[in-house]
Amino acid sequence: MKIIEQGNHSKQSEVNLSGGRIIGFDVARAIAILSMIIVNFKIVMEVDRTGTGQLVSLFKLLEGRAAATFVILAGVGLSLFSRQARLANDTKKIIQNRNTLFKRAIFLFITGLLFNEVWPADILHFYGVYIAIGALLLTASDRRLWQIAVIFPVIFVILWIILDYDIGWNWETIEYHGVWTPVGMLRHLFFNGFHPVFPWTSFLLIGMWLGRRNLSDHGFRKKLLGYSLAVVIVSKGISTLFIYLFPDFGAVETPIYIGYLFGTDPMPPGPFYLLSAGGTALIVITLCIMLTERFTTALWVKPFVATGQISLTLYVAHVIVGMGTLEEMGLLYNQSSSFAIMAAGIFYAASMGFALIWKRFFKLGPLEWGMRRLT
């Protein structure tokens with residue numbers, strides 16, 4: 001693919017980047033946090049058991065896509081953070097950048113484990129491992145990033161073939177048992193948790209590649225948009241076709257197995273899910289960059305930018321504050337799909353208002369500030 005081959009000229013591309021902040025990334029992050037709030041409210045409210053129709057289809061469409069967008073944006077952040085040191089080939093500065101990232105990885109991992117007691121679907125402790133791997137690959141070539149991004153899903157498929165993906169899970173209650181045992185933690189973290197290292201780290205590596213690109217190049221953005229759209233359409237088409245043609249593949253345990261291997265749902269995260277979710281995330285990110293470049297000074301942009309810049313704080317707050325408030329009101333469980341959408345919308349609107357006010361006085365969100373201070 002030409003878009004990947006173009007990535008071999010990373011230094012030239014990065015030199016041409018403008019020095020200003022690309023607010024399209026912030027807006028994409030804000031859209032991702034909205035999608036994540038909707039999906040997580042749906043999970044806790046057990047909408048699948050009470051809702052039908054188009055809204056449930058919307059939930060299904062959003063599942064796994066928001067988190068994939070976050071991880072790709074985290075990869076972008078790694079490349080932007082280390083850009084100056086890498087372009088200058090400053091070994092000392094690169095080591096400093098890598099050490100800082102390792103510290104942030106530890107912060108996110110520990111914070112995520114603590115948060116896991118409140119929110120078992122936490123992604124932060126997975127983030128910590130992704131970022132540690134990204135730090136190790138900070139100076140890897142574009143080709144190497146893509147090679148490893150392909151290898152991780154292959155490793156997952158091999159693990160899926162030789163191991164029992166369902167072990168530890170109670171799918172009726174979406175609970176994972178044994179996560180605090182050494183074997184359970186490793187299995188959950190690397191193989192069959194909500195966002196396992198194999199293959200989710202691939203999203204981060206794709207983001208690192210994207211963060212090295214000259215995103216002010218209109219031609220590149222059009223190519224990226226076109227290729228991403230093609231990947232989504234083709235992957236979904238092939239997935240649907242295979243599941244339709246081979247409903248009895250695997251004998252007794254089908255159609256579960258065929259759905260696992262060729263499905264585009266996030267659990268298990270098979271190859272077609274990665275292609276579909278990754279392509280969708282790149283489309284969202286590219287469109288956000290294009291839109292914000294055109295409407296930089298528009299009033300509607302500011303709330304999204306502020307929201308995206310404190311997304312870590314809002315991620316934790318949507319569980320502690322959002323779900324906590326609903327639970328106190330007796331409105332958290334066994335709700336309809338329309339109620340889940342409404343509750344998510346109200347919390348998101350409140351979050352945007354908070355973000356706007358907070359950013360008028362502070363540069364970083366509360367948790368973002370804490371991470372920066374500690375690392």
# chains A, B, ... in the order shown; residues from 1 in each chain; ligands from 1
$ select_by_dssp --residues "region 257-372 of chain A" --states "alpha helix (DSSP H)" --output "mmCIF file with C-alpha atoms, in the first residue's frame"
data_model
loop_
_atom_site.group_PDB
_atom_site.id
_atom_site.type_symbol
_atom_site.label_atom_id
_atom_site.label_comp_id
_atom_site.auth_asym_id
_atom_site.auth_seq_id
_atom_site.Cartn_x
_atom_site.Cartn_y
_atom_site.Cartn_z
ATOM 1 C CA TYR A 257 -16.251 -20.096 16.720
ATOM 2 C CA ILE A 258 -16.829 -18.713 13.250
ATOM 3 C CA GLY A 259 -18.124 -15.535 14.851
ATOM 4 C CA TYR A 260 -15.056 -15.347 17.079
ATOM 5 C CA LEU A 261 -12.600 -15.771 14.233
ATOM 6 C CA PHE A 262 -14.315 -13.658 11.594
ATOM 7 C CA PRO A 271 -8.412 -9.717 13.040
ATOM 8 C CA PHE A 272 -11.589 -8.418 11.415
ATOM 9 C CA TYR A 273 -12.480 -6.477 14.542
ATOM 10 C CA LEU A 274 -9.046 -4.818 14.494
ATOM 11 C CA LEU A 275 -9.415 -3.880 10.833
ATOM 12 C CA SER A 276 -12.944 -2.571 11.293
ATOM 13 C CA ALA A 277 -12.319 -0.671 14.546
ATOM 14 C CA GLY A 278 -8.916 0.632 13.458
ATOM 15 C CA GLY A 279 -10.284 1.858 10.149
ATOM 16 C CA THR A 280 -13.240 3.511 11.874
ATOM 17 C CA ALA A 281 -10.933 5.251 14.363
ATOM 18 C CA LEU A 282 -8.707 6.588 11.579
ATOM 19 C CA ILE A 283 -11.763 7.905 9.737
ATOM 20 C CA VAL A 284 -12.971 9.730 12.856
ATOM 21 C CA ILE A 285 -9.524 11.180 13.590
ATOM 22 C CA THR A 286 -8.962 12.303 9.995
ATOM 23 C CA LEU A 287 -12.389 13.931 9.720
ATOM 24 C CA CYS A 288 -11.863 15.734 13.038
ATOM 25 C CA ILE A 289 -8.544 17.134 11.807
ATOM 26 C CA MET A 290 -10.124 18.282 8.544
ATOM 27 C CA LEU A 291 -13.146 19.841 10.239
ATOM 28 C CA THR A 292 -11.214 21.675 12.940
ATOM 29 C CA GLU A 293 -8.768 23.020 10.377
ATOM 30 C CA ARG A 294 -11.704 24.578 8.554
ATOM 31 C CA VAL A 301 -15.121 23.614 18.599
ATOM 32 C CA LYS A 302 -14.030 24.975 21.990
ATOM 33 C CA PRO A 303 -16.149 22.694 24.215
ATOM 34 C CA PHE A 304 -14.940 19.607 22.336
ATOM 35 C CA VAL A 305 -11.308 20.702 22.539
ATOM 36 C CA ALA A 306 -11.576 21.335 26.293
ATOM 37 C CA THR A 307 -13.324 17.998 26.809
ATOM 38 C CA GLY A 308 -10.717 16.103 24.818
ATOM 39 C CA GLN A 309 -7.871 17.672 26.764
ATOM 40 C CA SER A 311 -10.320 12.967 28.852
ATOM 41 C CA LEU A 312 -8.435 10.983 31.523
ATOM 42 C CA THR A 313 -10.262 12.857 34.272
ATOM 43 C CA LEU A 314 -13.612 12.440 32.524
ATOM 44 C CA TYR A 315 -13.002 8.741 31.933
ATOM 45 C CA VAL A 316 -12.714 8.150 35.678
ATOM 46 C CA ALA A 317 -15.493 10.641 36.441
ATOM 47 C CA GLY A 324 -22.338 6.784 41.148
ATOM 48 C CA THR A 325 -25.032 9.459 40.969
ATOM 49 C CA LEU A 326 -27.377 7.216 38.999
ATOM 50 C CA GLU A 327 -26.869 4.417 41.525
ATOM 51 C CA GLU A 328 -27.675 6.735 44.420
ATOM 52 C CA SER A 337 -31.769 1.944 25.691
ATOM 53 C CA SER A 338 -33.335 5.402 25.359
ATOM 54 C CA PHE A 339 -32.698 6.104 29.052
ATOM 55 C CA ALA A 340 -29.049 5.046 28.665
ATOM 56 C CA ILE A 341 -28.660 7.489 25.751
ATOM 57 C CA MET A 342 -30.348 10.272 27.708
ATOM 58 C CA ALA A 343 -28.268 9.684 30.850
ATOM 59 C CA ALA A 344 -25.051 9.562 28.835
ATOM 60 C CA GLY A 345 -26.006 12.766 27.024
ATOM 61 C CA ILE A 346 -26.757 14.628 30.256
ATOM 62 C CA PHE A 347 -23.502 13.532 31.857
ATOM 63 C CA TYR A 348 -21.545 14.420 28.721
ATOM 64 C CA ALA A 349 -23.115 17.884 28.523
ATOM 65 C CA ALA A 350 -22.211 18.447 32.177
ATOM 66 C CA SER A 351 -18.686 17.209 31.453
ATOM 67 C CA MET A 352 -18.280 19.668 28.594
ATOM 68 C CA GLY A 353 -19.411 22.504 30.839
ATOM 69 C CA PHE A 354 -16.979 21.420 33.538
ATOM 70 C CA ALA A 355 -14.156 21.113 30.998
ATOM 71 C CA LEU A 356 -14.765 24.607 29.638
ATOM 72 C CA ILE A 357 -14.750 26.184 33.098
ATOM 73 C CA TRP A 358 -11.758 24.150 34.302
ATOM 74 C CA LYS A 359 -9.653 24.981 31.247
ATOM 75 C CA ARG A 360 -10.211 28.704 31.789
ATOM 76 C CA PHE A 361 -8.213 28.451 35.010
ATOM 77 C CA PRO A 366 -6.991 17.069 37.740
ATOM 78 C CA LEU A 367 -5.792 13.551 36.903
ATOM 79 C CA GLU A 368 -3.672 14.781 34.006
ATOM 80 C CA TRP A 369 -1.970 17.198 36.413
ATOM 81 C CA GLY A 370 -1.418 14.425 38.956
ATOM 82 C CA MET A 371 0.175 12.170 36.361
ATOM 83 C CA ARG A 372 2.398 14.970 35.086
#
$ residues_around --residues "Ile131 (chain A)" --least-positions-apart "5" --cutoff "9 Å" --atoms "only C-alpha atoms" --output "list in words"
Ala74, Gly75, Leu78, Leu101, Phe102, Arg104, Ala105, Phe126, Leu136, Thr201 and Leu204 of chain A
$ write_last_selection --atoms "N, CA and C atoms" --output "compact mmCIF listing (two decimals), in the first residue's frame"
# COMPACT_ATOMS: atom_id res chain seq x y z
N ALA A 74 -3.42 7.71 21.75
CA ALA A 74 -2.30 7.59 22.69
C ALA A 74 -1.01 7.34 21.94
N GLY A 75 -1.07 6.52 20.89
CA GLY A 75 0.12 6.30 20.06
C GLY A 75 0.57 7.55 19.36
N LEU A 78 2.52 9.60 21.77
CA LEU A 78 3.89 9.13 21.99
C LEU A 78 4.83 9.68 20.92
N LEU A 101 8.01 8.13 29.79
CA LEU A 101 6.90 7.28 29.35
C LEU A 101 6.78 6.04 30.22
N PHE A 102 7.91 5.47 30.63
CA PHE A 102 7.86 4.31 31.53
C PHE A 102 7.19 4.69 32.85
N ARG A 104 5.00 7.09 33.30
CA ARG A 104 3.57 7.28 33.06
C ARG A 104 2.87 5.94 32.88
N ALA A 105 3.56 5.00 32.27
CA ALA A 105 3.00 3.66 32.12
C ALA A 105 2.74 3.03 33.48
N PHE A 126 -4.36 -1.61 31.17
CA PHE A 126 -3.91 -2.09 29.86
C PHE A 126 -3.09 -1.00 29.16
N LEU A 136 9.43 1.36 24.38
CA LEU A 136 10.54 0.52 23.89
C LEU A 136 10.72 0.67 22.38
N THR A 201 -2.41 -3.73 21.45
CA THR A 201 -1.24 -2.85 21.29
C THR A 201 -1.06 -2.43 19.84
N LEU A 204 -2.07 1.10 19.26
CA LEU A 204 -1.08 2.08 19.70
C LEU A 204 0.02 2.25 18.66
$ atom_distance --atom1 "CA of Glu117 (chain A)" --atom2 "CA of Trp180 (chain A)"
10.5 Å
$ residues_around --residues "Pro153 (chain A)" --least-positions-apart "4" --cutoff "7 Å" --atoms "only C-alpha atoms" --output "ChimeraX atom specification"
/A:157,198-199,271
$ write_last_selection --atoms "C-alpha atoms" --output "tab-separated table (two decimals), in the first residue's frame"
chain	number	residue	atom	x	y	z
A	157	VAL	CA	-5.21	-15.91	17.07
A	198	PHE	CA	-2.52	-9.13	22.29
A	199	PRO	CA	-3.80	-7.67	19.99
A	271	PRO	CA	-8.41	-9.72	13.04
$ residues_around --residues "Arg83 (chain A)" --least-positions-apart "3" --cutoff "8 Å" --atoms "only C-alpha atoms" --output "PyMOL selection string"
chain A and resi 14+79-80+86-87+212
$ residues_around --residues "Asn192 (chain A)" --least-positions-apart "6" --cutoff "8 Å" --atoms "only C-alpha atoms" --output "number ranges by chain"
A: 165-166, 268
$ write_last_selection --atoms "C-alpha atoms" --output "mmCIF file, in the first residue's frame"
data_model
loop_
_atom_site.group_PDB
_atom_site.id
_atom_site.type_symbol
_atom_site.label_atom_id
_atom_site.label_comp_id
_atom_site.auth_asym_id
_atom_site.auth_seq_id
_atom_site.Cartn_x
_atom_site.Cartn_y
_atom_site.Cartn_z
ATOM 1 C CA TYR A 165 -10.865 -17.843 25.635
ATOM 2 C CA ASP A 166 -13.868 -18.269 27.951
ATOM 3 C CA PRO A 268 -12.881 -11.592 21.258
#
$ atom_distance --atom1 "CA of Leu189 (chain A)" --atom2 "CA of Thr240 (chain A)"
28.9 Å
$ atom_distance --atom1 "CA of Gly112 (chain A)" --atom2 "CA of Tyr176 (chain A)"
15.7 Å
